[in-house]
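Structure data follow from model-v6.csv (CSV, C-alpha atoms):
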```csv
chain,number,residue,atom,x,y,z
C,1,MET,CA,0.4,10.7,-13.2
C,2,LEU,CA,-0.7,13.2,-10.4
C,3,SER,CA,-4.4,12.8,-10.8
C,4,HIS,CA,-5.8,11.8,-7.4
C,5,PHE,CA,-8.6,9.8,-9.0
C,6,PHE,CA,-6.2,8.0,-11.4
C,7,LEU,CA,-3.9,7.1,-8.6
C,8,MET,CA,-6.7,5.8,-6.4
C,9,VAL,CA,-8.1,3.7,-9.2
C,10,LEU,CA,-4.6,2.4,-10.0
C,11,TYR,CA,-4.0,1.5,-6.4
C,12,ALA,CA,-7.3,-0.2,-6.1
C,13,PHE,CA,-6.6,-2.2,-9.3
C,14,LEU,CA,-3.2,-3.4,-8.1
C,15,VAL,CA,-4.4,-4.4,-4.7
C,16,SER,CA,-7.6,-6.1,-5.9
C,17,ALA,CA,-5.7,-8.0,-8.6
C,18,PHE,CA,-3.1,-9.1,-6.0
C,19,PHE,CA,-5.6,-10.4,-3.5
C,20,THR,CA,-7.7,-12.0,-6.2
C,21,LEU,CA,-4.7,-14.0,-7.4
C,22,LEU,CA,-3.7,-14.8,-3.8
C,23,TRP,CA,-7.0,-16.0,-2.5
C,24,ARG,CA,-9.0,-17.5,-5.5
C,25,ARG,CA,-8.2,-20.1,-8.1
C,26,GLU,CA,-11.4,-20.5,-10.1
C,27,ARG,CA,-11.9,-17.9,-12.8
C,28,ARG,CA,-15.5,-17.1,-11.9
C,29,GLU,CA,-14.6,-16.6,-8.3
C,30,GLN,CA,-11.7,-14.5,-9.2
C,31,VAL,CA,-13.8,-12.1,-11.3
C,32,LYS,CA,-16.3,-11.9,-8.5
C,33,LEU,CA,-13.8,-11.1,-5.8
C,34,PHE,CA,-11.9,-8.7,-8.0
C,35,LEU,CA,-15.0,-6.7,-8.7
C,36,GLN,CA,-16.0,-6.7,-5.0
C,37,LEU,CA,-12.6,-5.5,-3.9
C,38,PHE,CA,-12.1,-3.0,-6.7
C,39,LEU,CA,-15.6,-1.5,-6.7
C,40,GLY,CA,-15.5,-1.5,-2.9
C,41,MET,CA,-12.3,0.5,-2.7
C,42,VAL,CA,-13.1,2.9,-5.5
C,43,GLY,CA,-16.7,3.4,-4.4
C,44,GLY,CA,-15.7,3.6,-0.7
C,45,GLY,CA,-13.1,6.2,-1.6
C,46,LEU,CA,-15.6,8.3,-3.5
C,47,LEU,CA,-18.1,8.0,-0.7
C,48,VAL,CA,-15.6,9.1,1.9
C,49,ALA,CA,-14.6,12.0,-0.3
C,50,TYR,CA,-18.2,13.2,-0.6
C,51,LEU,CA,-18.7,12.8,3.1
C,52,MET,CA,-15.6,15.0,3.7
C,53,TYR,CA,-16.7,17.6,1.1
C,54,PRO,CA,-18.7,19.8,3.5
C,55,PHE,CA,-15.6,20.0,5.8
C,56,PRO,CA,-12.7,21.4,3.8
C,57,GLN,CA,-9.4,21.7,5.5
C,58,GLY,CA,-7.3,24.9,5.1
C,59,PRO,CA,-7.9,27.8,2.7
C,60,PRO,CA,-9.8,27.1,-0.5
C,61,ALA,CA,-7.7,26.1,-3.5
C,62,PRO,CA,-7.0,28.9,-6.0
C,63,ILE,CA,-9.2,28.9,-9.0
C,64,PRO,CA,-7.1,28.3,-12.1
Z,1,MET,CA,-7.8,-26.2,26.6
Z,2,THR,CA,-11.2,-26.0,25.1
Z,3,ASP,CA,-13.3,-23.0,24.1
Z,4,PRO,CA,-15.4,-22.2,27.2
Z,5,GLY,CA,-18.3,-21.3,24.9
Z,6,SER,CA,-18.2,-24.6,23.1
Z,7,SER,CA,-20.1,-27.7,24.3
Z,8,ASP,CA,-17.8,-30.0,22.4
Z,9,PRO,CA,-14.8,-30.9,24.5
Z,10,ARG,CA,-12.9,-32.6,21.7
Z,11,PRO,CA,-10.1,-30.7,20.1
Z,12,ALA,CA,-10.7,-29.4,16.6
Z,13,PRO,CA,-9.3,-31.8,13.9
Z,14,ALA,CA,-6.3,-30.6,12.0
Z,15,LEU,CA,-7.1,-29.3,8.5
Z,16,PRO,CA,-6.2,-31.8,5.8
Z,17,PRO,CA,-3.6,-30.8,3.3
Z,18,VAL,CA,-5.0,-29.1,0.2
Z,19,GLY,CA,-2.3,-29.9,-2.2
Z,20,ASN,CA,0.9,-31.9,-2.4
Z,21,ALA,CA,4.0,-30.6,-0.7
Z,22,VAL,CA,6.4,-29.3,-3.3
Z,23,GLY,CA,9.9,-28.0,-3.2
Z,24,ASN,CA,11.9,-26.9,-0.2
Z,25,PRO,CA,9.8,-24.5,1.9
Z,26,ILE,CA,12.8,-22.5,3.1
Z,27,LEU,CA,14.1,-22.1,-0.4
Z,28,ALA,CA,10.7,-21.1,-1.6
Z,29,ALA,CA,10.3,-18.5,1.1
Z,30,VAL,CA,13.8,-17.1,0.5
Z,31,ALA,CA,13.3,-16.9,-3.2
Z,32,ALA,CA,9.9,-15.2,-2.7
Z,33,PHE,CA,11.5,-12.7,-0.4
Z,34,LEU,CA,14.4,-11.9,-2.6
Z,35,ILE,CA,12.5,-11.3,-5.9
Z,36,PRO,CA,8.7,-10.8,-5.9
Z,37,GLY,CA,7.1,-13.9,-7.6
Z,38,LEU,CA,10.3,-15.9,-7.7
Z,39,GLY,CA,9.0,-18.2,-5.0
Z,40,HIS,CA,6.0,-19.1,-7.1
Z,41,LEU,CA,8.1,-19.6,-10.1
Z,42,TYR,CA,10.3,-22.0,-8.1
Z,43,LEU,CA,7.1,-23.9,-7.1
Z,44,ARG,CA,6.0,-24.0,-10.8
Z,45,ARG,CA,3.2,-21.6,-10.4
Z,46,TRP,CA,4.2,-19.8,-13.5
Z,47,ARG,CA,1.3,-17.6,-14.3
Z,48,ARG,CA,0.9,-16.5,-10.7
Z,49,GLY,CA,4.6,-15.9,-10.3
Z,50,VAL,CA,4.8,-13.6,-13.4
Z,51,ALA,CA,1.5,-11.8,-12.4
Z,52,PHE,CA,2.7,-11.2,-8.8
Z,53,PHE,CA,6.1,-10.0,-10.2
Z,54,LEU,CA,4.4,-7.5,-12.5
Z,55,LEU,CA,1.9,-6.2,-9.9
Z,56,ILE,CA,4.6,-5.5,-7.4
Z,57,LEU,CA,7.0,-4.1,-10.0
Z,58,ILE,CA,4.2,-1.7,-11.2
Z,59,SER,CA,3.5,-0.6,-7.6
Z,60,LEU,CA,7.3,-0.1,-7.0
Z,61,TRP,CA,7.7,1.9,-10.2
Z,62,VAL,CA,4.7,4.2,-9.5
Z,63,GLY,CA,6.0,4.8,-6.0
Z,64,TRP,CA,9.4,5.6,-7.3
Z,65,ASP,CA,8.1,7.8,-10.0
Z,66,LEU,CA,6.0,9.8,-7.5
Z,67,GLN,CA,9.2,10.1,-5.3
Z,68,GLY,CA,7.5,8.4,-2.3
Z,69,ASN,CA,9.3,7.7,0.9
Z,70,LEU,CA,11.3,4.5,1.1
Z,71,TYR,CA,11.1,3.9,4.8
Z,72,ARG,CA,14.3,3.6,6.8
Z,73,ILE,CA,14.8,3.5,10.5
Z,74,VAL,CA,14.9,6.9,12.1
Z,75,PRO,CA,16.3,7.3,15.6
Z,76,ASN,CA,13.7,8.1,18.3
Z,77,GLU,CA,10.9,7.2,15.9
Z,78,PRO,CA,9.9,3.6,16.7
Z,79,LEU,CA,7.1,3.5,14.1
Z,80,SER,CA,9.7,3.9,11.4
Z,81,ILE,CA,10.9,0.4,12.3
Z,82,LEU,CA,7.5,-1.0,11.3
Z,83,GLY,CA,7.5,1.0,8.1
Z,84,THR,CA,11.1,-0.1,7.3
Z,85,LEU,CA,10.2,-3.8,7.9
Z,86,GLY,CA,7.2,-3.4,5.7
Z,87,ALA,CA,9.0,-1.7,2.8
Z,88,MET,CA,11.9,-4.1,3.1
Z,89,GLY,CA,9.5,-6.9,2.3
Z,90,MET,CA,10.1,-6.2,-1.4
Z,91,GLY,CA,13.5,-7.9,-1.1
Z,92,ILE,CA,16.3,-7.1,-3.4
Z,93,PRO,CA,14.5,-4.1,-5.0
Z,94,TYR,CA,14.5,-2.4,-1.6
Z,95,PHE,CA,18.2,-2.7,-1.1
Z,96,LEU,CA,18.9,-1.9,-4.8
Z,97,LEU,CA,16.9,1.3,-4.5
Z,98,ARG,CA,18.2,2.3,-1.2
Z,99,TRP,CA,21.9,1.5,-1.5
Z,100,GLY,CA,22.4,0.8,-5.2
Z,101,LEU,CA,20.6,3.9,-6.5
Z,102,GLY,CA,20.7,6.0,-3.4
Z,103,TYR,CA,17.0,6.6,-3.6
Z,104,ALA,CA,15.4,8.4,-0.6
Z,105,GLY,CA,12.3,10.0,-2.0
Z,106,ASP,CA,11.5,13.7,-2.1
Z,107,ILE,CA,9.2,15.1,0.6
Z,108,LEU,CA,8.6,18.2,-1.5
Z,109,SER,CA,7.3,16.1,-4.4
Z,110,PRO,CA,3.5,16.6,-4.9
Z,111,GLY,CA,3.1,12.8,-5.1
Z,112,TYR,CA,5.1,12.0,-2.0
Z,113,GLU,CA,2.3,10.6,0.1
Z,114,TYR,CA,0.9,8.6,-2.7
Z,115,GLY,CA,4.3,7.3,-3.7
Z,116,THR,CA,4.9,6.2,-0.1
Z,117,ALA,CA,1.7,4.2,-0.1
Z,118,PHE,CA,2.7,2.5,-3.3
Z,119,LEU,CA,6.2,1.6,-2.1
Z,120,LEU,CA,5.0,0.4,1.3
Z,121,THR,CA,2.2,-1.7,-0.4
Z,122,ALA,CA,4.8,-3.3,-2.7
Z,123,GLY,CA,6.8,-4.5,0.4
Z,124,LEU,CA,3.7,-5.7,2.3
Z,125,MET,CA,2.4,-7.6,-0.7
Z,126,ASN,CA,5.7,-9.4,-1.1
Z,127,TRP,CA,5.6,-10.4,2.6
Z,128,LEU,CA,2.2,-12.1,1.9
Z,129,LEU,CA,3.8,-13.8,-1.1
Z,130,VAL,CA,6.5,-15.2,1.2
Z,131,LEU,CA,3.8,-16.7,3.4
Z,132,ASP,CA,1.9,-18.0,0.4
Z,133,ALA,CA,5.0,-19.7,-1.1
Z,134,LEU,CA,5.6,-21.3,2.3
Z,135,ASP,CA,2.0,-22.6,2.4
Z,136,ILE,CA,2.1,-23.9,-1.1
Z,137,SER,CA,5.4,-25.6,-0.5
Z,138,ARG,CA,4.1,-27.3,2.6
Z,139,GLY,CA,0.9,-28.5,0.8
Z,140,LYS,CA,-1.4,-26.2,2.8
Z,141,LYS,CA,-2.5,-24.4,-0.3
Z,142,GLU,CA,-2.9,-25.2,-4.0
```
In structure tokens, write the structure found in this file.
Amino acid sequence: MLSHFFLMVLYAFLVSAFFTLLWRRERREQVKLFLQLFLGMVGGGLLVAYLMYPFPQGPPAPIP
Amino acid sequence: MTDPGSSDPRPAPALPPVGNAVGNPILAAVAAFLIPGLGHLYLRRWRRGVAFFLLILISLWVGWDLQGNLYRIVPNEPLSILGTLGAMGMGIPYFLLRWGLGYAGDILSPGYEYGTAFLLTAGLMNWLLVLDALDISRGKKE
């Protein structure tokens, strides 16, 4: 449960599904909006993560 | 008063109703607040009601499992009021967690920040459901 990526994907899924059901009624539009929101959040999260990669904060994590 | 950038002085026409008004708006809003999805069930939006209930329940359960912070008002911290109002949006589950089960979260838990986001999101989503139930009941939404 503590995987950062899994939690990010789960959060994106829940929020995307919620707003899809809230804002759209047609099945085709629902799928379109869901994919836009879900991929936007997951893709945006990964993009920001890579942008932050060259600027680590704090000491490096221990190698297991 | 008209928009200074607009050349048309006439007021904008009121939007026509999208659907028929159903049920009692106040009852729908209160039901939606108390239990996530109940407002939609009351308005006979069965599938949506069940789906919203499950989505908010999953968010709540994940937040709880991660031992996230269930916001409460902290003296001298005005922003905690906003957090509390947001989290309180989940209705009965908030009060059940806080006073029924004595849940407070665990700041030492590795998932604390994530859990807080899930718990707060559950409350905020339910606030939107309250507004949605109101709109459906008044015929402004389908």
**Message:** Only residues of chain C matter here; which ones have an atom within 9 Å of chain Z, counting all atoms listed in the file? Give them as a ChimeraX atom specification.
**Reply:** /C:1-2,4,7-8,10-11,14-15,17-19,21-22,25
**Request:** Counting all atoms listed in the file, figure out which residue out of Z:Gly123, Z:Gly63, Z:Pro25, Z:Pro36 gets nearest to Z:Gly86.
**Result:** Z:Gly123
**Asked** atom CA of Z:Val50 and atom CA of Z:Asn126 are how many Å apart?
**Response** 13.0 Å
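The interatomic distance for the pair atom CA of Z:Val18 and atom CA of Z:Phe33 works out to 23.3 Å.
Between atom CA of Z:His40 and atom CA of Z:Gly100 there is a distance of 25.9 Å.
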**Message:** Would you pick out the contacts of Z:Trp127 at 12 Å or less, using only C-alpha atoms, so that residues sharing its chain but fewer than 6 positions from it are not included, and give the list as a ChimeraX atom specification?
**Reply:** /Z:29-37,39,52,56,85-91,120-121,133-134
Find the residues near stretch 34-42 of chain C: any atom within 7 Å, counting only C-alpha atoms, skip ones fewer than 6 places away on the same chain, and give them as a compact mmCIF listing (two decimals) with C-alpha atoms, keeping the file's coordinate frame.
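In the end it all went to result00.txt:
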```txt
# COMPACT_ATOMS: atom_id res chain seq x y z
CA VAL C 9 -8.10 3.70 -9.20
CA ALA C 12 -7.30 -0.20 -6.10
CA PHE C 13 -6.60 -2.20 -9.30
CA SER C 16 -7.60 -6.10 -5.90
CA ALA C 17 -5.70 -8.00 -8.60
CA THR C 20 -7.70 -12.00 -6.20
```
